[in-house]
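**Q** Sharing a structure here in structure tokens format.
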Amino acid sequence: GPCAVVAGVARGPDEAALRWRVHGVSPSGGGRRFDAVLVEPSEPRPGLILLLHGGPHSVSTTAYDPRVAFLTRETHCAVLLVNYRGSLGFGSQELRSLPGKVGEQDVQDCVAALRVAQEAGEFDLARVAVVGGSHGGFLALHLWVLPQ
């Protein structure tokens with residue numbers, strides 16, 4: 001999908017810049033598009049970390065987050081922040097789309113976002129991780145047990 005560079009992290013004397021891009025993701029089973037924020041290090045072929053927000057009615061933004069910058073720099077992995085359907089900020093219809101479909105729709109959206117990120121860049125697919133707290137941890141466990 002279309003994406004745009006929305007912000008860059010300021011560079012220190014020996015820090016590499018990070019690239020922040022927002023990807024529009026179309027759900028695999030139909031429905032309205034949602035956003036995923038991809039933060040990439042300057043190294044070639046980084047690993048990929050899905051960092052899933054809690055809630056489920058919360059949101060990940062493009063605002064500078066030192067935790068994301070730390071993860072990206074220290075692990076040499078890109079970080080993908082998924083705003084699956086049901087996240088805040090995308091309208092009441094999208095917010096109401098998740099109840100009754102928790103563990104299904106949100107998991108499918110995370111898989112779709114991962115595929116979009118994989119198509120947008122070259123990642124070391126032997127180094128993919130899923131991290132989240134609260135509802136994000138719930139999603140991480142669901143994604144962990146999915147067949148490859």
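Please note that chains go A, B, ... in the order of the structure tokens, that every chain numbers its residues from 1, and that ligands are numbered from 1 in the order shown.
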Extract, using only C-alpha atoms, all DNA, RNA and protein residues at most 10 Å from A:Ala140, discarding same-chain residues fewer than 3 positions from it, and format them as a count of residues only.

**A** 17

**Q** Between atom CA of A:Val25 and atom CA of A:Thr75, what distance in Å does the model show, to one decimal?

**A** 25.3 Å

**Q** Rounded to one decimal in Å, what is the spacing between atom CA of A:His53 and atom CA of A:Glu122?

**A**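 Going from atom CA of A:His53 over to atom CA of A:Glu122 covers 24.2 Å.
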
**Q** Would you pick out the contacts of A:His57 at 12 Å or less, using only C-alpha atoms, so that residues sharing its chain but fewer than 4 positions from it are not included, and give the list as a short mmCIF file (atom, residue, chain, number, x, y, z; two decimals) with N, CA and C atoms, in the first residue's frame?

**A**
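See result.cif below for the written result:
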```cif
data_model
loop_
_atom_site.label_atom_id
_atom_site.label_comp_id
_atom_site.auth_asym_id
_atom_site.auth_seq_id
_atom_site.Cartn_x
_atom_site.Cartn_y
_atom_site.Cartn_z
N LEU A 52 2.77 -4.57 19.77
CA LEU A 52 1.31 -4.44 19.74
C LEU A 52 0.81 -3.71 20.98
N HIS A 53 -0.02 -2.68 20.75
CA HIS A 53 -0.53 -1.89 21.87
C HIS A 53 -1.58 -2.65 22.66
N ASN A 83 -2.05 -0.72 14.29
CA ASN A 83 -3.33 -0.17 14.76
C ASN A 83 -4.46 -0.97 14.14
N TYR A 84 -4.62 -2.19 14.62
CA TYR A 84 -5.64 -3.10 14.12
C TYR A 84 -7.03 -2.46 14.28
N ARG A 85 -8.00 -2.94 13.51
CA ARG A 85 -9.36 -2.41 13.61
C ARG A 85 -9.86 -2.61 15.05
N GLY A 86 -10.39 -1.53 15.60
CA GLY A 86 -10.77 -1.51 17.01
C GLY A 86 -9.88 -0.56 17.79
N SER A 87 -8.78 -0.09 17.16
CA SER A 87 -7.91 0.90 17.78
C SER A 87 -8.61 2.26 17.79
N LEU A 88 -8.22 3.12 18.72
CA LEU A 88 -8.78 4.46 18.80
C LEU A 88 -8.35 5.32 17.62
N GLY A 89 -9.19 6.29 17.27
CA GLY A 89 -8.81 7.30 16.29
C GLY A 89 -9.23 7.02 14.87
N PHE A 90 -9.96 5.94 14.64
CA PHE A 90 -10.35 5.59 13.27
C PHE A 90 -11.86 5.57 13.10
N GLY A 91 -12.58 6.16 14.05
CA GLY A 91 -14.04 6.27 13.95
C GLY A 91 -14.76 5.25 14.81
N SER A 92 -15.99 5.58 15.16
CA SER A 92 -16.76 4.71 16.05
C SER A 92 -17.13 3.39 15.40
N GLU A 94 -15.30 1.60 13.36
CA GLU A 94 -14.13 0.72 13.50
C GLU A 94 -13.94 0.29 14.94
N LEU A 95 -14.19 1.21 15.87
CA LEU A 95 -14.08 0.88 17.29
C LEU A 95 -15.06 -0.23 17.67
N ARG A 96 -16.27 -0.14 17.14
CA ARG A 96 -17.31 -1.14 17.45
C ARG A 96 -17.16 -2.43 16.64
N SER A 97 -16.22 -2.45 15.70
CA SER A 97 -16.07 -3.66 14.86
C SER A 97 -15.40 -4.80 15.62
N LEU A 98 -14.70 -4.51 16.72
CA LEU A 98 -13.91 -5.54 17.39
C LEU A 98 -14.68 -6.39 18.40
N PRO A 99 -15.54 -5.81 19.25
CA PRO A 99 -16.25 -6.66 20.22
C PRO A 99 -16.97 -7.81 19.52
N VAL A 102 -12.80 -10.42 19.06
CA VAL A 102 -11.49 -10.35 19.70
C VAL A 102 -10.79 -11.70 19.56
N ASP A 106 -8.58 -8.92 15.16
CA ASP A 106 -7.35 -8.22 15.50
C ASP A 106 -6.12 -9.05 15.15
N SER A 134 -0.72 -6.42 28.03
CA SER A 134 -2.17 -6.38 28.17
C SER A 134 -2.80 -7.03 26.92
N HIS A 135 -3.64 -6.32 26.21
CA HIS A 135 -4.26 -6.90 25.02
C HIS A 135 -3.19 -7.21 23.96
N GLY A 136 -2.13 -6.40 23.91
CA GLY A 136 -1.04 -6.69 22.99
C GLY A 136 -0.36 -8.02 23.30
#
```

**Q** To test your reading of the structure, identify every residue in chain A that backbone DSSP assigns to strand (DSSP E), and report it as a tab-separated table (two decimals) with all heavy atoms, in the first residue's frame.

**A**
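Generated output (states04.tsv):
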```
chain	number	residue	atom	x	y	z
A	3	CYS	N	2.67	4.57	1.24
A	3	CYS	CA	3.24	4.96	2.52
A	3	CYS	C	3.97	6.28	2.35
A	3	CYS	O	4.24	6.72	1.24
A	3	CYS	CB	4.17	3.89	3.06
A	3	CYS	SG	5.61	3.58	2.02
A	4	ALA	N	4.27	6.90	3.45
A	4	ALA	CA	4.98	8.17	3.42
A	4	ALA	C	5.93	8.23	4.59
A	4	ALA	O	5.66	7.70	5.65
A	4	ALA	CB	3.98	9.33	3.51
A	5	VAL	N	7.07	8.86	4.39
A	5	VAL	CA	7.98	9.11	5.50
A	5	VAL	C	7.38	10.28	6.27
A	5	VAL	O	7.18	11.36	5.72
A	5	VAL	CB	9.39	9.44	5.00
A	5	VAL	CG1	10.30	9.80	6.17
A	5	VAL	CG2	9.96	8.27	4.22
A	6	VAL	N	7.03	10.04	7.53
A	6	VAL	CA	6.32	11.06	8.30
A	6	VAL	C	7.21	11.77	9.30
A	6	VAL	O	6.89	12.86	9.73
A	6	VAL	CB	5.09	10.47	9.03
A	6	VAL	CG1	4.05	10.04	8.03
A	6	VAL	CG2	5.48	9.32	9.93
A	7	ALA	N	8.30	11.18	9.70
A	7	ALA	CA	9.18	11.83	10.68
A	7	ALA	C	10.51	11.12	10.67
A	7	ALA	O	10.61	9.97	10.30
A	7	ALA	CB	8.58	11.78	12.07
A	8	GLY	N	11.53	11.81	11.10
A	8	GLY	CA	12.84	11.21	11.29
A	8	GLY	C	13.29	11.50	12.70
A	8	GLY	O	12.94	12.52	13.26
A	19	ARG	N	13.98	5.61	10.20
A	19	ARG	CA	12.95	6.02	9.25
A	19	ARG	C	11.60	5.54	9.78
A	19	ARG	O	11.44	4.37	10.11
A	19	ARG	CB	13.23	5.43	7.88
A	19	ARG	CG	12.19	5.85	6.84
A	19	ARG	CD	12.61	5.51	5.45
A	19	ARG	NE	12.71	4.06	5.29
A	19	ARG	CZ	12.83	3.49	4.11
A	19	ARG	NH1	12.91	4.22	3.02
A	19	ARG	NH2	12.90	2.17	4.01
A	20	TRP	N	10.64	6.46	9.84
A	20	TRP	CA	9.29	6.16	10.30
A	20	TRP	C	8.37	6.26	9.09
A	20	TRP	O	8.34	7.29	8.42
A	20	TRP	CB	8.84	7.18	11.35
A	20	TRP	CG	9.65	7.20	12.60
A	20	TRP	CD1	10.97	7.54	12.71
A	20	TRP	CD2	9.21	6.90	13.91
A	20	TRP	NE1	11.36	7.45	14.01
A	20	TRP	CE2	10.30	7.08	14.77
A	20	TRP	CE3	7.97	6.51	14.43
A	20	TRP	CZ2	10.20	6.87	16.14
A	20	TRP	CZ3	7.89	6.31	15.80
A	20	TRP	CH2	8.99	6.47	16.63
A	21	ARG	N	7.61	5.18	8.79
A	21	ARG	CA	6.66	5.20	7.68
A	21	ARG	C	5.31	4.67	8.16
A	21	ARG	O	5.25	3.78	8.99
A	21	ARG	CB	7.16	4.31	6.53
A	21	ARG	CG	8.46	4.79	5.92
A	21	ARG	CD	8.79	4.06	4.66
A	21	ARG	NE	9.19	2.67	4.92
A	21	ARG	CZ	9.28	1.75	3.96
A	21	ARG	NH1	9.01	2.05	2.72
A	21	ARG	NH2	9.65	0.53	4.26
A	22	VAL	N	4.26	5.23	7.60
A	22	VAL	CA	2.91	4.75	7.90
A	22	VAL	C	2.40	4.00	6.67
A	22	VAL	O	2.42	4.53	5.56
A	22	VAL	CB	1.95	5.92	8.23
A	22	VAL	CG1	0.53	5.40	8.47
A	22	VAL	CG2	2.45	6.70	9.43
A	23	HIS	N	1.97	2.77	6.90
A	23	HIS	CA	1.43	1.94	5.83
A	23	HIS	C	-0.06	1.79	6.01
A	23	HIS	O	-0.53	1.52	7.12
A	23	HIS	CB	2.06	0.54	5.84
A	23	HIS	CG	3.51	0.53	5.50
A	23	HIS	ND1	3.95	0.41	4.21
A	23	HIS	CD2	4.61	0.66	6.25
A	23	HIS	CE1	5.27	0.43	4.19
A	23	HIS	NE2	5.69	0.59	5.43
A	24	GLY	N	-0.81	1.94	4.94
A	24	GLY	CA	-2.23	1.61	4.95
A	24	GLY	C	-2.37	0.12	4.68
A	24	GLY	O	-1.78	-0.39	3.72
A	25	VAL	N	-3.10	-0.58	5.53
A	25	VAL	CA	-3.23	-2.04	5.42
A	25	VAL	C	-4.68	-2.38	5.13
A	25	VAL	O	-5.58	-1.92	5.83
A	25	VAL	CB	-2.78	-2.74	6.72
A	25	VAL	CG1	-2.91	-4.25	6.58
A	25	VAL	CG2	-1.35	-2.34	7.09
A	34	PHE	N	-6.65	0.02	7.81
A	34	PHE	CA	-6.12	0.51	9.08
A	34	PHE	C	-4.64	0.82	8.88
A	34	PHE	O	-4.08	0.52	7.83
A	34	PHE	CB	-6.35	-0.52	10.20
A	34	PHE	CG	-5.72	-1.86	9.95
A	34	PHE	CD1	-4.45	-2.14	10.42
A	34	PHE	CD2	-6.39	-2.84	9.24
A	34	PHE	CE1	-3.86	-3.36	10.18
A	34	PHE	CE2	-5.82	-4.07	8.99
A	34	PHE	CZ	-4.55	-4.33	9.47
A	35	ASP	N	-4.03	1.44	9.87
A	35	ASP	CA	-2.64	1.87	9.74
A	35	ASP	C	-1.69	0.99	10.54
A	35	ASP	O	-2.04	0.44	11.58
A	35	ASP	CB	-2.47	3.30	10.27
A	35	ASP	CG	-3.12	4.33	9.40
A	35	ASP	OD1	-3.40	4.03	8.22
A	35	ASP	OD2	-3.33	5.46	9.88
A	36	ALA	N	-0.47	0.90	10.03
A	36	ALA	CA	0.63	0.29	10.77
A	36	ALA	C	1.83	1.22	10.59
A	36	ALA	O	2.10	1.69	9.48
A	36	ALA	CB	0.94	-1.10	10.23
A	37	VAL	N	2.51	1.51	11.68
A	37	VAL	CA	3.69	2.39	11.66
A	37	VAL	C	4.92	1.51	11.67
A	37	VAL	O	5.08	0.66	12.55
A	37	VAL	CB	3.69	3.33	12.90
A	37	VAL	CG1	4.91	4.24	12.86
A	37	VAL	CG2	2.40	4.13	12.97
A	38	LEU	N	5.79	1.70	10.68
A	38	LEU	CA	7.02	0.92	10.56
A	38	LEU	C	8.21	1.83	10.85
A	38	LEU	O	8.38	2.86	10.19
A	38	LEU	CB	7.15	0.31	9.17
A	38	LEU	CG	8.36	-0.57	8.90
A	38	LEU	CD1	8.36	-1.80	9.80
A	38	LEU	CD2	8.40	-0.97	7.43
A	39	VAL	N	8.99	1.48	11.86
A	39	VAL	CA	10.19	2.23	12.23
A	39	VAL	C	11.39	1.36	11.88
A	39	VAL	O	11.54	0.26	12.39
A	39	VAL	CB	10.19	2.57	13.74
A	39	VAL	CG1	11.41	3.42	14.09
A	39	VAL	CG2	8.90	3.27	14.13
A	40	GLU	N	12.24	1.88	10.98
A	40	GLU	CA	13.34	1.07	10.45
A	40	GLU	C	14.70	1.66	10.80
A	40	GLU	O	14.89	2.87	10.72
A	40	GLU	CB	13.23	0.99	8.93
A	40	GLU	CG	11.97	0.32	8.44
A	40	GLU	CD	11.83	0.42	6.94
A	40	GLU	OE1	11.28	1.43	6.48
A	40	GLU	OE2	12.30	-0.50	6.25
A	47	GLY	N	16.01	-7.39	11.42
A	47	GLY	CA	14.93	-8.26	11.86
A	47	GLY	C	13.66	-7.42	11.97
A	47	GLY	O	13.65	-6.23	11.62
A	48	LEU	N	12.58	-8.00	12.46
A	48	LEU	CA	11.31	-7.28	12.54
A	48	LEU	C	10.61	-7.64	13.85
A	48	LEU	O	10.46	-8.82	14.17
A	48	LEU	CB	10.43	-7.66	11.35
A	48	LEU	CG	9.10	-6.94	11.21
A	48	LEU	CD1	9.28	-5.44	11.05
A	48	LEU	CD2	8.33	-7.50	10.01
A	49	ILE	N	10.22	-6.61	14.60
A	49	ILE	CA	9.50	-6.79	15.86
A	49	ILE	C	8.11	-6.19	15.69
A	49	ILE	O	7.98	-5.01	15.36
A	49	ILE	CB	10.22	-6.08	17.02
A	49	ILE	CG1	11.61	-6.66	17.23
A	49	ILE	CG2	9.38	-6.19	18.30
A	49	ILE	CD1	12.47	-5.87	18.23
A	50	LEU	N	7.07	-6.98	15.91
A	50	LEU	CA	5.71	-6.46	15.99
A	50	LEU	C	5.51	-6.02	17.43
A	50	LEU	O	5.62	-6.84	18.34
A	50	LEU	CB	4.67	-7.53	15.64
A	50	LEU	CG	4.34	-7.72	14.17
A	50	LEU	CD1	5.45	-8.45	13.48
A	50	LEU	CD2	3.04	-8.44	14.03
A	51	LEU	N	5.26	-4.73	17.65
A	51	LEU	CA	5.03	-4.18	18.99
A	51	LEU	C	3.56	-3.79	19.05
A	51	LEU	O	3.13	-2.82	18.40
A	51	LEU	CB	5.94	-2.99	19.24
A	51	LEU	CG	5.85	-2.33	20.60
A	51	LEU	CD1	6.12	-3.32	21.72
A	51	LEU	CD2	6.83	-1.17	20.69
A	52	LEU	N	2.77	-4.57	19.77
A	52	LEU	CA	1.31	-4.44	19.74
A	52	LEU	C	0.81	-3.71	20.98
A	52	LEU	O	1.14	-4.09	22.10
A	52	LEU	CB	0.69	-5.83	19.64
A	52	LEU	CG	1.20	-6.67	18.46
A	52	LEU	CD1	0.65	-8.08	18.52
A	52	LEU	CD2	0.86	-6.00	17.14
A	77	CYS	N	16.58	-4.21	14.68
A	77	CYS	CA	15.33	-4.70	14.09
A	77	CYS	C	14.42	-3.51	13.79
A	77	CYS	O	14.44	-2.51	14.50
A	77	CYS	CB	14.59	-5.62	15.06
A	77	CYS	SG	15.38	-7.22	15.31
A	78	ALA	N	13.64	-3.64	12.74
A	78	ALA	CA	12.56	-2.69	12.49
A	78	ALA	C	11.45	-3.00	13.49
A	78	ALA	O	11.31	-4.13	13.96
A	78	ALA	CB	12.05	-2.83	11.06
A	79	VAL	N	10.66	-1.98	13.84
A	79	VAL	CA	9.54	-2.16	14.76
A	79	VAL	C	8.26	-1.80	14.01
A	79	VAL	O	8.17	-0.73	13.41
A	79	VAL	CB	9.71	-1.29	16.03
A	79	VAL	CG1	8.48	-1.39	16.91
A	79	VAL	CG2	10.96	-1.72	16.80
A	80	LEU	N	7.30	-2.70	14.06
A	80	LEU	CA	6.01	-2.49	13.41
A	80	LEU	C	4.94	-2.30	14.48
A	80	LEU	O	4.70	-3.20	15.30
A	80	LEU	CB	5.67	-3.70	12.53
A	80	LEU	CG	4.38	-3.60	11.72
A	80	LEU	CD1	4.46	-2.47	10.68
A	80	LEU	CD2	4.09	-4.93	11.04
A	81	LEU	N	4.32	-1.12	14.48
A	81	LEU	CA	3.27	-0.77	15.44
A	81	LEU	C	1.94	-0.89	14.70
A	81	LEU	O	1.68	-0.13	13.77
A	81	LEU	CB	3.46	0.66	15.94
A	81	LEU	CG	4.84	0.96	16.54
A	81	LEU	CD1	5.11	2.45	16.56
A	81	LEU	CD2	4.94	0.37	17.92
A	82	VAL	N	1.11	-1.85	15.08
A	82	VAL	CA	-0.11	-2.16	14.33
A	82	VAL	C	-1.32	-1.53	15.02
A	82	VAL	O	-1.57	-1.79	16.19
A	82	VAL	CB	-0.32	-3.69	14.22
A	82	VAL	CG1	-1.57	-4.00	13.41
A	82	VAL	CG2	0.91	-4.35	13.60
A	83	ASN	N	-2.05	-0.72	14.29
A	83	ASN	CA	-3.33	-0.17	14.76
A	83	ASN	C	-4.46	-0.97	14.14
A	83	ASN	O	-5.15	-0.50	13.24
A	83	ASN	CB	-3.43	1.32	14.42
A	83	ASN	CG	-2.54	2.14	15.30
A	83	ASN	OD1	-2.49	1.96	16.51
A	83	ASN	ND2	-1.79	3.05	14.70
A	128	VAL	N	12.20	-12.53	13.61
A	128	VAL	CA	10.91	-11.88	13.77
A	128	VAL	C	10.42	-12.17	15.18
A	128	VAL	O	10.49	-13.31	15.65
A	128	VAL	CB	9.87	-12.39	12.74
A	128	VAL	CG1	8.51	-11.79	12.99
A	128	VAL	CG2	10.34	-12.07	11.32
A	129	ALA	N	9.96	-11.13	15.88
A	129	ALA	CA	9.46	-11.28	17.24
A	129	ALA	C	8.14	-10.54	17.38
A	129	ALA	O	7.85	-9.62	16.61
A	129	ALA	CB	10.48	-10.72	18.24
A	130	VAL	N	7.35	-10.95	18.35
A	130	VAL	CA	6.08	-10.28	18.66
A	130	VAL	C	6.10	-9.93	20.14
A	130	VAL	O	6.37	-10.80	20.98
A	130	VAL	CB	4.87	-11.19	18.35
A	130	VAL	CG1	3.58	-10.43	18.59
A	130	VAL	CG2	4.93	-11.73	16.95
A	131	VAL	N	5.82	-8.65	20.45
A	131	VAL	CA	5.86	-8.15	21.82
A	131	VAL	C	4.61	-7.34	22.07
A	131	VAL	O	4.17	-6.58	21.20
A	131	VAL	CB	7.11	-7.26	22.03
A	131	VAL	CG1	7.16	-6.73	23.45
A	131	VAL	CG2	8.38	-8.00	21.67
A	132	GLY	N	4.04	-7.47	23.26
A	132	GLY	CA	2.90	-6.64	23.62
A	132	GLY	C	2.54	-6.84	25.07
A	132	GLY	O	2.87	-7.86	25.67
```

**Q** List every residue of chain A that DSSP, applied to the backbone of this structure, assigns to alpha helix (DSSP H), and report them as a ChimeraX atom specification.

**A** /A:66-75,92-96,105-120,135-144

**Q** Atom CA of A:Ala69 and atom CA of A:Gly55, how far apart in Å?

**A**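 Answer for the atom CA of A:Gly55 to atom CA of A:Ala69 separation: 22.0 Å.
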
**Q** Could you check the closest approach to A:Gln108 for each of A:Gly29, A:Ala120, A:Ala126, A:Arg67 and tell me which residue wins, using only C-alpha atoms?

**A**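 When distances to A:Gln108 are compared using only C-alpha atoms, the smallest one comes from A:Gly29.
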